[in-house]
file my_file36.json (JSON, C-alpha atoms)
[["chain", "number", "residue", "atom", "x", "y", "z"],
["I", 1, "MET", "CA", 28.59, -54.20, 53.23],
["I", 2, "ALA", "CA", 26.68, -54.98, 50.04],
["I", 3, "GLN", "CA", 27.05, -58.48, 48.70],
["I", 4, "HIS", "CA", 27.38, -59.30, 44.98],
["I", 5, "GLY", "CA", 26.93, -55.70, 43.87],
["I", 6, "SER", "CA", 26.71, -52.14, 45.11],
["I", 7, "LEU", "CA", 23.70, -50.63, 46.85],
["I", 8, "GLU", "CA", 23.36, -48.20, 43.96],
["I", 9, "GLU", "CA", 23.20, -51.11, 41.51],
["I", 10, "PHE", "CA", 20.56, -52.80, 43.64],
["I", 11, "LEU", "CA", 18.51, -49.60, 43.60],
["I", 12, "VAL", "CA", 18.70, -49.16, 39.83],
["I", 13, "VAL", "CA", 17.51, -52.71, 39.19],
["I", 14, "ALA", "CA", 14.71, -52.39, 41.76],
["I", 15, "ILE", "CA", 13.51, -49.13, 40.18],
["I", 16, "ASP", "CA", 13.39, -50.81, 36.78],
["I", 17, "ALA", "CA", 11.37, -53.70, 38.22],
["I", 18, "ALA", "CA", 8.96, -51.30, 39.95],
["I", 19, "LYS", "CA", 8.40, -49.32, 36.76],
["I", 20, "ARG", "CA", 7.66, -52.47, 34.77],
["I", 21, "ALA", "CA", 5.23, -53.71, 37.40],
["I", 22, "GLY", "CA", 3.63, -50.27, 37.44],
["I", 23, "GLU", "CA", 2.80, -50.62, 33.76],
["I", 24, "ILE", "CA", 0.87, -53.82, 34.53],
["I", 25, "ILE", "CA", -0.98, -52.08, 37.38],
["I", 26, "CYS", "CA", -1.95, -49.12, 35.20],
["I", 27, "LYS", "CA", -3.29, -51.44, 32.52],
["I", 28, "GLY", "CA", -5.25, -53.55, 35.01],
["I", 29, "PHE", "CA", -6.57, -50.56, 36.95],
["I", 30, "TYR", "CA", -9.18, -49.81, 34.28],
["I", 31, "GLU", "CA", -10.08, -53.40, 33.44],
["I", 32, "THR", "CA", -12.45, -55.88, 35.05],
["I", 33, "LYS", "CA", -10.66, -57.58, 37.94],
["I", 34, "HIS", "CA", -10.81, -61.27, 38.77],
["I", 35, "VAL", "CA", -10.74, -61.24, 42.55],
["I", 36, "VAL", "CA", -9.91, -64.07, 44.94],
["I", 37, "HIS", "CA", -10.53, -63.75, 48.68],
["I", 38, "LYS", "CA", -7.57, -64.60, 50.93],
["I", 39, "GLY", "CA", -9.79, -63.74, 53.92],
["I", 40, "GLN", "CA", -13.09, -62.07, 54.66],
["I", 41, "VAL", "CA", -11.93, -58.73, 53.21],
["I", 42, "ASP", "CA", -8.35, -59.56, 52.14],
["I", 43, "LEU", "CA", -8.20, -59.68, 48.35],
["I", 44, "VAL", "CA", -5.80, -60.77, 45.62],
["I", 45, "THR", "CA", -6.07, -60.33, 41.84],
["I", 46, "GLU", "CA", -4.31, -61.67, 38.78],
["I", 47, "THR", "CA", -2.45, -58.34, 38.67],
["I", 48, "ASP", "CA", -0.88, -59.00, 42.10],
["I", 49, "LYS", "CA", 0.42, -62.35, 40.88],
["I", 50, "ALA", "CA", 1.61, -61.04, 37.52],
["I", 51, "CYS", "CA", 3.48, -58.16, 39.15],
["I", 52, "GLU", "CA", 5.17, -60.38, 41.72],
["I", 53, "ASP", "CA", 6.28, -62.81, 39.02],
["I", 54, "LEU", "CA", 7.66, -59.98, 36.91],
["I", 55, "ILE", "CA", 9.53, -58.36, 39.82],
["I", 56, "PHE", "CA", 11.06, -61.60, 41.07],
["I", 57, "ASN", "CA", 12.08, -62.73, 37.59],
["I", 58, "HIS", "CA", 13.73, -59.38, 36.94],
["I", 59, "LEU", "CA", 15.59, -59.34, 40.26],
["I", 60, "LYS", "CA", 16.66, -62.98, 39.95],
["I", 61, "GLN", "CA", 18.16, -62.31, 36.53],
["I", 62, "HIS", "CA", 20.48, -59.74, 38.09],
["I", 63, "PHE", "CA", 20.96, -61.24, 41.57],
["I", 64, "PRO", "CA", 20.46, -65.01, 41.38],
["I", 65, "THR", "CA", 22.12, -65.67, 44.75],
["I", 66, "HIS", "CA", 19.83, -63.35, 46.70],
["I", 67, "LYS", "CA", 16.82, -64.51, 48.72],
["I", 68, "PHE", "CA", 13.24, -63.52, 47.94],
["I", 69, "ILE", "CA", 10.08, -63.00, 50.00],
["I", 70, "GLY", "CA", 6.85, -61.91, 48.33],
["I", 71, "GLU", "CA", 3.36, -61.28, 49.63],
["I", 72, "GLU", "CA", 1.58, -63.50, 47.14],
["I", 73, "THR", "CA", 3.93, -66.47, 47.54],
["I", 74, "SER", "CA", 4.77, -66.18, 51.23],
["I", 75, "ALA", "CA", 1.32, -65.15, 52.46],
["I", 76, "THR", "CA", -0.25, -68.05, 50.59],
["I", 77, "THR", "CA", 2.04, -70.67, 52.10],
["I", 78, "GLY", "CA", 2.58, -68.88, 55.42],
["I", 79, "ASP", "CA", 6.20, -69.94, 55.12],
["I", 80, "PHE", "CA", 9.12, -67.54, 54.94],
["I", 81, "GLU", "CA", 12.38, -67.06, 56.78],
["I", 82, "LEU", "CA", 14.27, -63.79, 56.93],
["I", 83, "THR", "CA", 18.01, -64.46, 57.19],
["I", 84, "ASP", "CA", 21.09, -62.25, 57.16],
["I", 85, "GLU", "CA", 21.51, -62.91, 53.43],
["I", 86, "PRO", "CA", 20.51, -60.14, 50.97],
["I", 87, "THR", "CA", 16.75, -60.60, 50.73],
["I", 88, "TRP", "CA", 14.30, -58.86, 48.43],
["I", 89, "ILE", "CA", 10.92, -58.35, 50.13],
["I", 90, "VAL", "CA", 8.15, -57.39, 47.74],
["I", 91, "ASP", "CA", 4.55, -56.26, 47.90],
["I", 92, "PRO", "CA", 3.67, -56.21, 44.20],
["I", 93, "VAL", "CA", 0.39, -54.32, 44.68],
["I", 94, "ASP", "CA", 0.17, -52.64, 48.06],
["I", 95, "GLY", "CA", -3.42, -51.44, 48.28],
["I", 96, "THR", "CA", -5.12, -54.31, 46.47],
["I", 97, "THR", "CA", -8.54, -53.36, 47.85],
["I", 98, "ASN", "CA", -8.04, -49.85, 46.47],
["I", 99, "PHE", "CA", -7.00, -51.38, 43.15],
["I", 100, "VAL", "CA", -10.12, -53.54, 43.02],
["I", 101, "HIS", "CA", -12.38, -50.54, 43.73],
["I", 102, "GLY", "CA", -10.59, -48.14, 41.39],
["I", 103, "PHE", "CA", -9.42, -45.99, 44.29],
["I", 104, "PRO", "CA", -6.11, -44.39, 43.18],
["I", 105, "SER", "CA", -3.90, -45.20, 46.15],
["I", 106, "VAL", "CA", -1.87, -48.18, 44.99],
["I", 107, "CYS", "CA", 1.85, -48.81, 44.91],
["I", 108, "VAL", "CA", 4.64, -51.26, 44.20],
["I", 109, "SER", "CA", 6.87, -51.77, 47.24],
["I", 110, "ILE", "CA", 10.32, -53.34, 46.91],
["I", 111, "GLY", "CA", 12.74, -53.54, 49.82],
["I", 112, "LEU", "CA", 16.14, -55.16, 50.22],
["I", 113, "THR", "CA", 17.35, -56.27, 53.64],
["I", 114, "ILE", "CA", 20.96, -57.15, 54.39],
["I", 115, "GLY", "CA", 21.64, -58.59, 57.80],
["I", 116, "LYS", "CA", 17.85, -58.30, 58.37],
["I", 117, "ILE", "CA", 18.19, -54.50, 58.13],
["I", 118, "PRO", "CA", 16.19, -52.56, 55.49],
["I", 119, "THR", "CA", 18.91, -51.23, 53.21],
["I", 120, "VAL", "CA", 17.35, -50.30, 49.86],
["I", 121, "GLY", "CA", 13.76, -49.19, 49.35],
["I", 122, "VAL", "CA", 11.64, -48.39, 46.29],
["I", 123, "VAL", "CA", 7.97, -47.41, 46.45],
["I", 124, "SER", "CA", 6.34, -46.50, 43.16],
["I", 125, "ASP", "CA", 2.86, -45.03, 42.82],
["I", 126, "PRO", "CA", 1.99, -45.83, 39.18],
["I", 127, "ILE", "CA", -1.55, -44.44, 39.18],
["I", 128, "ILE", "CA", -0.51, -41.02, 40.45],
["I", 129, "ASN", "CA", 2.41, -41.22, 38.04],
["I", 130, "GLU", "CA", -0.07, -41.70, 35.19],
["I", 131, "TYR", "CA", -1.85, -38.52, 36.26],
["I", 132, "ARG", "CA", 1.48, -36.68, 36.38],
["I", 133, "LEU", "CA", 3.14, -37.88, 33.18],
["I", 134, "ALA", "CA", 4.30, -34.37, 32.34],
["I", 135, "PHE", "CA", 6.32, -34.32, 35.56],
["I", 136, "GLY", "CA", 8.03, -37.71, 35.19],
["I", 137, "VAL", "CA", 7.95, -40.70, 37.50],
["I", 138, "TYR", "CA", 6.35, -40.67, 40.94],
["I", 139, "LEU", "CA", 8.88, -42.69, 42.84],
["I", 140, "PHE", "CA", 10.12, -42.81, 46.44],
["I", 141, "THR", "CA", 13.61, -44.26, 46.94],
["I", 142, "GLY", "CA", 16.09, -44.70, 49.75],
["I", 143, "ILE", "CA", 19.49, -46.26, 50.37],
["I", 144, "ASP", "CA", 20.89, -46.83, 53.84],
["I", 145, "GLY", "CA", 23.24, -43.94, 54.59],
["I", 146, "LYS", "CA", 22.55, -42.19, 51.28],
["I", 147, "GLY", "CA", 19.28, -40.32, 51.90],
["I", 148, "ALA", "CA", 15.67, -40.55, 50.74],
["I", 149, "PHE", "CA", 14.20, -39.09, 47.58],
["I", 150, "LEU", "CA", 10.95, -38.43, 45.75],
["I", 151, "ASN", "CA", 11.44, -38.24, 41.99],
["I", 152, "GLY", "CA", 15.16, -37.81, 42.62],
["I", 153, "LYS", "CA", 14.77, -34.84, 44.97],
["I", 154, "PRO", "CA", 15.73, -35.16, 48.68],
["I", 155, "ILE", "CA", 12.86, -35.48, 51.15],
["I", 156, "LYS", "CA", 12.67, -34.94, 54.90],
["I", 157, "VAL", "CA", 10.14, -35.69, 57.61],
["I", 158, "SER", "CA", 8.02, -32.92, 59.09],
["I", 159, "SER", "CA", 9.56, -30.68, 61.74],
["I", 160, "GLN", "CA", 6.27, -30.48, 63.68],
["I", 161, "SER", "CA", 6.70, -30.90, 67.44],
["I", 162, "GLU", "CA", 3.09, -30.79, 68.68],
["I", 163, "LEU", "CA", 0.74, -33.75, 68.47],
["I", 164, "VAL", "CA", -2.32, -31.53, 68.28],
["I", 165, "LYS", "CA", -0.97, -29.98, 65.07],
["I", 166, "SER", "CA", -0.06, -33.33, 63.53],
["I", 167, "LEU", "CA", -1.76, -35.42, 60.85],
["I", 168, "LEU", "CA", -2.02, -39.10, 61.79],
["I", 169, "GLY", "CA", -2.16, -41.99, 59.36],
["I", 170, "THR", "CA", -3.26, -45.55, 60.10],
["I", 171, "GLU", "CA", -5.22, -48.42, 58.56],
["I", 172, "VAL", "CA", -7.93, -50.74, 59.89],
["I", 173, "GLY", "CA", -6.39, -53.87, 58.40],
["I", 174, "THR", "CA", -8.23, -56.94, 57.17],
["I", 175, "THR", "CA", -8.97, -58.80, 60.42],
["I", 176, "ARG", "CA", -12.64, -58.64, 61.33],
["I", 177, "ASP", "CA", -13.08, -60.54, 64.59],
["I", 178, "ASN", "CA", -14.88, -58.57, 67.31],
["I", 179, "LEU", "CA", -11.90, -58.16, 69.64],
["I", 180, "THR", "CA", -9.64, -56.79, 66.90],
["I", 181, "VAL", "CA", -12.26, -54.40, 65.55],
["I", 182, "GLU", "CA", -13.10, -53.12, 69.04],
["I", 183, "ALA", "CA", -9.42, -52.60, 69.90],
["I", 184, "THR", "CA", -8.79, -50.83, 66.59],
["I", 185, "THR", "CA", -11.73, -48.45, 66.87],
["I", 186, "LYS", "CA", -11.02, -47.72, 70.54],
["I", 187, "ARG", "CA", -7.43, -46.80, 69.70],
["I", 188, "ILE", "CA", -8.51, -44.52, 66.87],
["I", 189, "ASN", "CA", -11.23, -42.86, 68.95],
["I", 190, "ASN", "CA", -8.75, -42.05, 71.73],
["I", 191, "LEU", "CA", -6.06, -40.77, 69.38],
["I", 192, "LEU", "CA", -8.48, -38.46, 67.56],
["I", 193, "PHE", "CA", -8.63, -36.24, 70.65],
["I", 194, "LYS", "CA", -4.85, -35.74, 70.53],
["I", 195, "VAL", "CA", -4.08, -35.02, 66.87],
["I", 196, "ARG", "CA", -5.33, -32.62, 64.23],
["I", 197, "SER", "CA", -6.94, -35.26, 62.03],
["I", 198, "LEU", "CA", -6.71, -38.81, 60.71],
["I", 199, "ARG", "CA", -6.10, -40.26, 57.25],
["I", 200, "MET", "CA", -6.38, -43.82, 55.90],
["I", 201, "CYS", "CA", -5.06, -44.28, 52.38],
["I", 202, "GLY", "CA", -5.21, -48.09, 52.25],
["I", 203, "SER", "CA", -1.48, -48.62, 51.63],
["I", 204, "CYS", "CA", 1.02, -49.05, 54.44],
["I", 205, "ALA", "CA", 3.97, -48.46, 52.10],
["I", 206, "LEU", "CA", 2.54, -45.14, 50.90],
["I", 207, "ASP", "CA", 1.71, -44.11, 54.48],
["I", 208, "LEU", "CA", 5.37, -44.60, 55.42],
["I", 209, "CYS", "CA", 6.53, -42.60, 52.40],
["I", 210, "TRP", "CA", 4.12, -39.81, 53.30],
["I", 211, "VAL", "CA", 5.72, -39.65, 56.74],
["I", 212, "ALA", "CA", 9.10, -39.54, 55.00],
["I", 213, "CYS", "CA", 8.16, -36.51, 52.91],
["I", 214, "GLY", "CA", 6.26, -34.69, 55.65],
["I", 215, "ARG", "CA", 2.69, -35.17, 54.44],
["I", 216, "LEU", "CA", 1.92, -37.16, 57.58],
["I", 217, "GLU", "CA", 3.57, -36.48, 60.92],
["I", 218, "LEU", "CA", 2.49, -39.77, 62.52],
["I", 219, "PHE", "CA", 1.73, -43.29, 61.38],
["I", 220, "TYR", "CA", 1.09, -46.59, 63.12],
["I", 221, "LEU", "CA", -0.30, -49.95, 62.13],
["I", 222, "ILE", "CA", -0.82, -53.09, 64.17],
["I", 223, "GLY", "CA", -1.51, -56.47, 62.59],
["I", 224, "PHE", "CA", -0.57, -55.89, 58.95],
["I", 225, "GLY", "CA", 0.17, -58.71, 56.53],
["I", 226, "GLY", "CA", 3.91, -59.15, 56.81],
["I", 227, "PRO", "CA", 7.35, -57.62, 56.17],
["I", 228, "TRP", "CA", 6.43, -56.87, 52.55],
["I", 229, "ASP", "CA", 4.20, -54.06, 53.81],
["I", 230, "VAL", "CA", 7.08, -52.17, 55.43],
["I", 231, "ALA", "CA", 10.36, -53.30, 53.82],
["I", 232, "GLY", "CA", 10.36, -50.66, 51.10],
["I", 233, "GLY", "CA", 9.12, -47.75, 53.19],
["I", 234, "ALA", "CA", 11.21, -48.42, 56.29],
["I", 235, "VAL", "CA", 14.55, -47.34, 54.85],
["I", 236, "ILE", "CA", 12.91, -44.36, 53.14],
["I", 237, "VAL", "CA", 11.53, -43.10, 56.47],
["I", 238, "LYS", "CA", 14.85, -43.58, 58.24],
["I", 239, "GLU", "CA", 16.84, -41.86, 55.51],
["I", 240, "ALA", "CA", 14.40, -38.94, 55.53],
["I", 241, "GLY", "CA", 15.24, -38.35, 59.20],
["I", 242, "GLY", "CA", 12.31, -40.25, 60.65],
["I", 243, "ILE", "CA", 12.17, -42.92, 63.33],
["I", 244, "LEU", "CA", 10.54, -46.34, 63.16],
["I", 245, "PHE", "CA", 9.60, -48.24, 66.30],
["I", 246, "ASP", "CA", 7.08, -50.66, 67.70],
["I", 247, "PRO", "CA", 3.86, -48.90, 68.82],
["I", 248, "SER", "CA", 4.67, -50.08, 72.36],
["I", 249, "GLY", "CA", 7.86, -48.01, 72.21],
["I", 250, "SER", "CA", 10.22, -50.95, 71.77],
["I", 251, "GLU", "CA", 12.57, -51.46, 68.80],
["I", 252, "PHE", "CA", 11.11, -51.86, 65.32],
["I", 253, "ASP", "CA", 11.08, -55.48, 64.14],
["I", 254, "ILE", "CA", 10.38, -55.92, 60.44],
["I", 255, "THR", "CA", 8.80, -59.34, 61.04],
["I", 256, "ALA", "CA", 6.54, -58.33, 63.96],
["I", 257, "GLN", "CA", 3.57, -56.93, 61.97],
["I", 258, "ARG", "CA", 3.67, -53.79, 64.13],
["I", 259, "VAL", "CA", 5.08, -50.41, 63.13],
["I", 260, "ALA", "CA", 4.99, -46.75, 64.11],
["I", 261, "ALA", "CA", 6.80, -43.88, 62.42],
["I", 262, "THR", "CA", 7.26, -40.18, 63.10],
["I", 263, "ASN", "CA", 9.91, -37.50, 63.41],
["I", 264, "PRO", "CA", 12.33, -37.27, 66.37],
["I", 265, "HIS", "CA", 10.40, -34.37, 67.98],
["I", 266, "LEU", "CA", 7.15, -36.31, 68.29],
["I", 267, "LYS", "CA", 8.37, -39.80, 69.13],
["I", 268, "GLU", "CA", 7.98, -39.75, 72.92],
["I", 269, "ALA", "CA", 4.62, -37.97, 72.87],
["I", 270, "PHE", "CA", 3.37, -40.34, 70.18],
["I", 271, "ILE", "CA", 4.44, -43.42, 72.17],
["I", 272, "GLU", "CA", 2.67, -42.07, 75.25],
["I", 273, "ALA", "CA", -0.50, -41.36, 73.23],
["I", 274, "LEU", "CA", -0.44, -44.85, 71.73],
["I", 275, "GLN", "CA", 0.03, -46.47, 75.13],
["I", 276, "LEU", "CA", -2.82, -44.45, 76.66],
["I", 277, "SER", "CA", -5.09, -45.33, 73.73],
["I", 278, "GLU", "CA", -5.04, -49.07, 74.53]]
call {"tool": "encode", "arguments": {"input": "my_file36.json", "output": "structure tokens"}}
result
Amino acid sequence: MAQHGSLEEFLVVAIDAAKRAGEIICKGFYETKHVVHKGQVDLVTETDKACEDLIFNHLKQHFPTHKFIGEETSATTGDFELTDEPTWIVDPVDGTTNFVHGFPSVCVSIGLTIGKIPTVGVVSDPIINEYRLAFGVYLFTGIDGKGAFLNGKPIKVSSQSELVKSLLGTEVGTTRDNLTVEATTKRINNLLFKVRSLRMCGSCALDLCWVACGRLELFYLIGFGGPWDVAGGAVIVKEAGGILFDPSGSEFDITAQRVAATNPHLKEAFIEALQLSE
């Protein structure tokens, strides 16, 4: 049960926060970026920090008793604890490398967990929205038990049942040690023989939403940054009729930095393909 408000109220406030952060992203997208390296290829900009501050301040004004986990605060300190309390998990700019390079695949991801379960999700693509102003916002939303939507219209996962006719999404991540790179490329090379083609958009949250609306049939990612990458998209996939799980086939754990998503028809074949690709 929702605490200190309804799920619908939580969604409305999260949408407002995402839209406001999106305005900052759109402004910064065309300006010179001041980039700081969190790792060899893991980047952060002043826009990431400004968006996270805005989102958290907005949510805290409405829900001061809730907990908060954000990429820029939690990833910096390496210290966060996900409890059963209502917890907002935010990636203020998912696709920072895309943002830095002017590649238009960037989103705001806001998820609310209750009892550690993704319950409300908002993923906003402000750059695409800017290109589509005549058509209104470009916004994925989901509420546990209430369905998933794109721009207010219901969405569903693909009904495809054959791997060879499926489009696969993944990312290479930001870890660049030899063992990780070799394992990643080996997995991709093996999977390419079993699917129609492969896409990498540079945003885990958008990848999940594209599974939710049927643009991708399959998605997996191993070794991403943290729960902020999946908290918003997880409930959207589930409410669109999709299934989330660990790439090994075990249960999805939002804190495990491992995720796979597909429709019910492809799950078993996808798990087998992933296991054989190791």
call {"tool": "residues_near_point", "arguments": {"input": "my_file36.json", "point": "(13.6, -43.4, 46.4)", "cutoff": "8 Å", "atoms": "all atoms listed in the file", "output": "list in words"}}
result
Gly121, Val122, Val123, Leu139, Phe140, Thr141, Gly142, Ile143, Ala148, Phe149, Leu150, Asn151, Gly152 and Ile236 of chain I
call {"tool": "axis_aligned_box", "arguments": {"input": "my_file36.json", "around": "range 60-69 of chain I", "padding_each_side": "3 Å", "output": "JSON"}}
result
{"center_x": 16.1, "center_y": -62.7, "center_z": 43.3, "size_x": 18.0, "size_y": 11.9, "size_z": 19.5}
call {"tool": "residues_near_point", "arguments": {"input": "my_file36.json", "point": "(-7.7, -59.8, 62.8)", "cutoff": "12 Å", "atoms": "all atoms listed in the file", "output": "list in words"}}
result
Gly39, Gln40, Val41, Asp42, Val172, Gly173, Thr174, Thr175, Arg176, Asp177, Asn178, Leu179, Thr180, Val181, Glu182, Ala183, Thr184, Ile222, Gly223, Phe224, Gly225 and Gln257 of chain I
call {"tool": "write_last_selection", "arguments": {"input": "my_file36.json", "atoms": "C-alpha atoms", "output": "short mmCIF file (atom, residue, chain, number, x, y, z; two decimals), in the frame of the given file"}}
result
data_model
loop_
_atom_site.label_atom_id
_atom_site.label_comp_id
_atom_site.auth_asym_id
_atom_site.auth_seq_id
_atom_site.Cartn_x
_atom_site.Cartn_y
_atom_site.Cartn_z
CA GLY I 39 -9.79 -63.74 53.92
CA GLN I 40 -13.09 -62.07 54.66
CA VAL I 41 -11.93 -58.73 53.21
CA ASP I 42 -8.35 -59.56 52.14
CA VAL I 172 -7.93 -50.74 59.89
CA GLY I 173 -6.39 -53.87 58.40
CA THR I 174 -8.23 -56.94 57.17
CA THR I 175 -8.97 -58.80 60.42
CA ARG I 176 -12.64 -58.64 61.33
CA ASP I 177 -13.08 -60.54 64.59
CA ASN I 178 -14.88 -58.57 67.31
CA LEU I 179 -11.90 -58.16 69.64
CA THR I 180 -9.64 -56.79 66.90
CA VAL I 181 -12.26 -54.40 65.55
CA GLU I 182 -13.10 -53.12 69.04
CA ALA I 183 -9.42 -52.60 69.90
CA THR I 184 -8.79 -50.83 66.59
CA ILE I 222 -0.82 -53.09 64.17
CA GLY I 223 -1.51 -56.47 62.59
CA PHE I 224 -0.57 -55.89 58.95
CA GLY I 225 0.17 -58.71 56.53
CA GLN I 257 3.57 -56.93 61.97
#
call {"tool": "closest_residue", "arguments": {"input": "my_file36.json", "among": "I:His101, I:His66, I:Arg199, I:Lys60", "to": "Glu31 in chain I", "atoms": "all atoms listed in the file"}}
result
I:His101
call {"tool": "closest_residue", "arguments": {"input": "my_file36.json", "among": "I:Thr185, I:Asn190, I:Ala50, I:Leu244", "to": "Leu208 in chain I", "atoms": "all atoms listed in the file"}}
result
I:Leu244
call {"tool": "closest_atom_pairs", "arguments": {"input": "my_file36.json", "of": "range 79-167 of chain I", "to": "range 231-234 of chain I", "cutoff": "8 Å", "atoms": "only C-alpha atoms", "output": "JSON lines"}}
result
{"residue": "I:Ile89", "atom": "CA", "partner": "I:Ala231", "partner_atom": "CA", "distance": 6.3}
{"residue": "I:Val90", "atom": "CA", "partner": "I:Ala231", "partner_atom": "CA", "distance": 7.7}
{"residue": "I:Ser109", "atom": "CA", "partner": "I:Gly232", "partner_atom": "CA", "distance": 5.3}
{"residue": "I:Ile110", "atom": "CA", "partner": "I:Gly232", "partner_atom": "CA", "distance": 5.0}
{"residue": "I:Gly111", "atom": "CA", "partner": "I:Gly232", "partner_atom": "CA", "distance": 3.9}
{"residue": "I:Leu112", "atom": "CA", "partner": "I:Ala231", "partner_atom": "CA", "distance": 7.1}
{"residue": "I:Thr113", "atom": "CA", "partner": "I:Ala231", "partner_atom": "CA", "distance": 7.6}
{"residue": "I:Pro118", "atom": "CA", "partner": "I:Ala231", "partner_atom": "CA", "distance": 6.1}
{"residue": "I:Val120", "atom": "CA", "partner": "I:Gly232", "partner_atom": "CA", "distance": 7.1}
{"residue": "I:Gly121", "atom": "CA", "partner": "I:Gly232", "partner_atom": "CA", "distance": 4.1}
{"residue": "I:Val122", "atom": "CA", "partner": "I:Gly232", "partner_atom": "CA", "distance": 5.5}
{"residue": "I:Val123", "atom": "CA", "partner": "I:Gly232", "partner_atom": "CA", "distance": 6.2}
call {"tool": "residues_around", "arguments": {"input": "my_file36.json", "residues": "Leu167 in chain I", "least_positions_apart": "6", "cutoff": "8 Å", "atoms": "all atoms listed in the file", "output": "VMD selection string"}}
result
chain I and resid 195 to 199 215 to 218
call {"tool": "write_last_selection", "arguments": {"input": "my_file36.json", "atoms": "C-alpha atoms", "output": "JSON list (two decimals), in the coordinates of the input"}}
result
[["chain", "number", "residue", "atom", "x", "y", "z"],
["I", 195, "VAL", "CA", -4.08, -35.02, 66.87],
["I", 196, "ARG", "CA", -5.33, -32.62, 64.23],
["I", 197, "SER", "CA", -6.94, -35.26, 62.03],
["I", 198, "LEU", "CA", -6.71, -38.81, 60.71],
["I", 199, "ARG", "CA", -6.10, -40.26, 57.25],
["I", 215, "ARG", "CA", 2.69, -35.17, 54.44],
["I", 216, "LEU", "CA", 1.92, -37.16, 57.58],
["I", 217, "GLU", "CA", 3.57, -36.48, 60.92],
["I", 218, "LEU", "CA", 2.49, -39.77, 62.52]]
call {"tool": "closest_residue", "arguments": {"input": "my_file36.json", "among": "I:His58, I:Ile128, I:Gly202, I:Lys116", "to": "Gly95 in chain I", "atoms": "only C-alpha atoms"}}
result
I:Gly202
call {"tool": "atom_distance", "arguments": {"input": "my_file36.json", "atom1": "CA of Val235 in chain I", "atom2": "CA of Asp144 in chain I"}}
result
6.4 Å
call {"tool": "residues_around", "arguments": {"input": "my_file36.json", "residues": "Cys51 in chain I", "least_positions_apart": "3", "cutoff": "8 Å", "atoms": "all atoms listed in the file", "output": "PDB file with C-alpha atoms, keeping the file's coordinate frame"}}
result
ATOM      1  CA  ALA I  21       5.230 -53.710  37.400  1.00  0.00           C
ATOM      2  CA  ILE I  24       0.870 -53.820  34.530  1.00  0.00           C
ATOM      3  CA  ILE I  25      -0.980 -52.080  37.380  1.00  0.00           C
ATOM      4  CA  THR I  47      -2.450 -58.340  38.670  1.00  0.00           C
ATOM      5  CA  ASP I  48      -0.880 -59.000  42.100  1.00  0.00           C
ATOM      6  CA  LEU I  54       7.660 -59.980  36.910  1.00  0.00           C
ATOM      7  CA  ILE I  55       9.530 -58.360  39.820  1.00  0.00           C
ATOM      8  CA  PRO I  92       3.670 -56.210  44.200  1.00  0.00           C
ATOM      9  CA  VAL I  93       0.390 -54.320  44.680  1.00  0.00           C
TER      10      VAL I  93
END
call {"tool": "residues_around", "arguments": {"input": "my_file36.json", "residues": "Leu82 in chain I", "least_positions_apart": "2", "cutoff": "10 Å", "atoms": "only C-alpha atoms", "output": "tab-separated table (two decimals) with C-alpha atoms, in the frame of the given file"}}
result
chain	number	residue	atom	x	y	z
I	67	LYS	CA	16.82	-64.51	48.72
I	68	PHE	CA	13.24	-63.52	47.94
I	69	ILE	CA	10.08	-63.00	50.00
I	80	PHE	CA	9.12	-67.54	54.94
I	84	ASP	CA	21.09	-62.25	57.16
I	85	GLU	CA	21.51	-62.91	53.43
I	86	PRO	CA	20.51	-60.14	50.97
I	87	THR	CA	16.75	-60.60	50.73
I	88	TRP	CA	14.30	-58.86	48.43
I	89	ILE	CA	10.92	-58.35	50.13
I	113	THR	CA	17.35	-56.27	53.64
I	114	ILE	CA	20.96	-57.15	54.39
I	115	GLY	CA	21.64	-58.59	57.80
I	116	LYS	CA	17.85	-58.30	58.37
I	227	PRO	CA	7.35	-57.62	56.17
I	254	ILE	CA	10.38	-55.92	60.44
I	255	THR	CA	8.80	-59.34	61.04
call {"tool": "atom_distance", "arguments": {"input": "my_file36.json", "atom1": "CA of Lys33 in chain I", "atom2": "CA of Phe99 in chain I"}}
result
8.9 Å
call {"tool": "atom_distance", "arguments": {"input": "my_file36.json", "atom1": "CA of Phe219 in chain I", "atom2": "CA of Val259 in chain I"}}
result
8.1 Å
call {"tool": "residues_around", "arguments": {"input": "my_file36.json", "residues": "range 264-270 of chain I", "least_positions_apart": "2", "cutoff": "7 Å", "atoms": "all atoms listed in the file", "output": "number ranges by chain"}}
result
I: 161-163, 242-243, 262, 272-274
call {"tool": "residues_around", "arguments": {"input": "my_file36.json", "residues": "Ser105 in chain I", "least_positions_apart": "6", "cutoff": "10 Å", "atoms": "only C-alpha atoms", "output": "short mmCIF file (atom, residue, chain, number, x, y, z; two decimals) with C-alpha atoms, in the frame of the given file"}}
result
data_model
loop_
_atom_site.label_atom_id
_atom_site.label_comp_id
_atom_site.auth_asym_id
_atom_site.auth_seq_id
_atom_site.Cartn_x
_atom_site.Cartn_y
_atom_site.Cartn_z
CA ASP I 94 0.17 -52.64 48.06
CA GLY I 95 -3.42 -51.44 48.28
CA THR I 96 -5.12 -54.31 46.47
CA THR I 97 -8.54 -53.36 47.85
CA ASN I 98 -8.04 -49.85 46.47
CA PHE I 99 -7.00 -51.38 43.15
CA ASP I 125 2.86 -45.03 42.82
CA PRO I 126 1.99 -45.83 39.18
CA ILE I 127 -1.55 -44.44 39.18
CA ILE I 128 -0.51 -41.02 40.45
CA CYS I 201 -5.06 -44.28 52.38
CA GLY I 202 -5.21 -48.09 52.25
CA SER I 203 -1.48 -48.62 51.63
CA LEU I 206 2.54 -45.14 50.90
#
call {"tool": "closest_residue", "arguments": {"input": "my_file36.json", "among": "I:Val237, I:Val35, I:Val157, I:Val230", "to": "Asp253 in chain I", "atoms": "all atoms listed in the file"}}
result
I:Val230
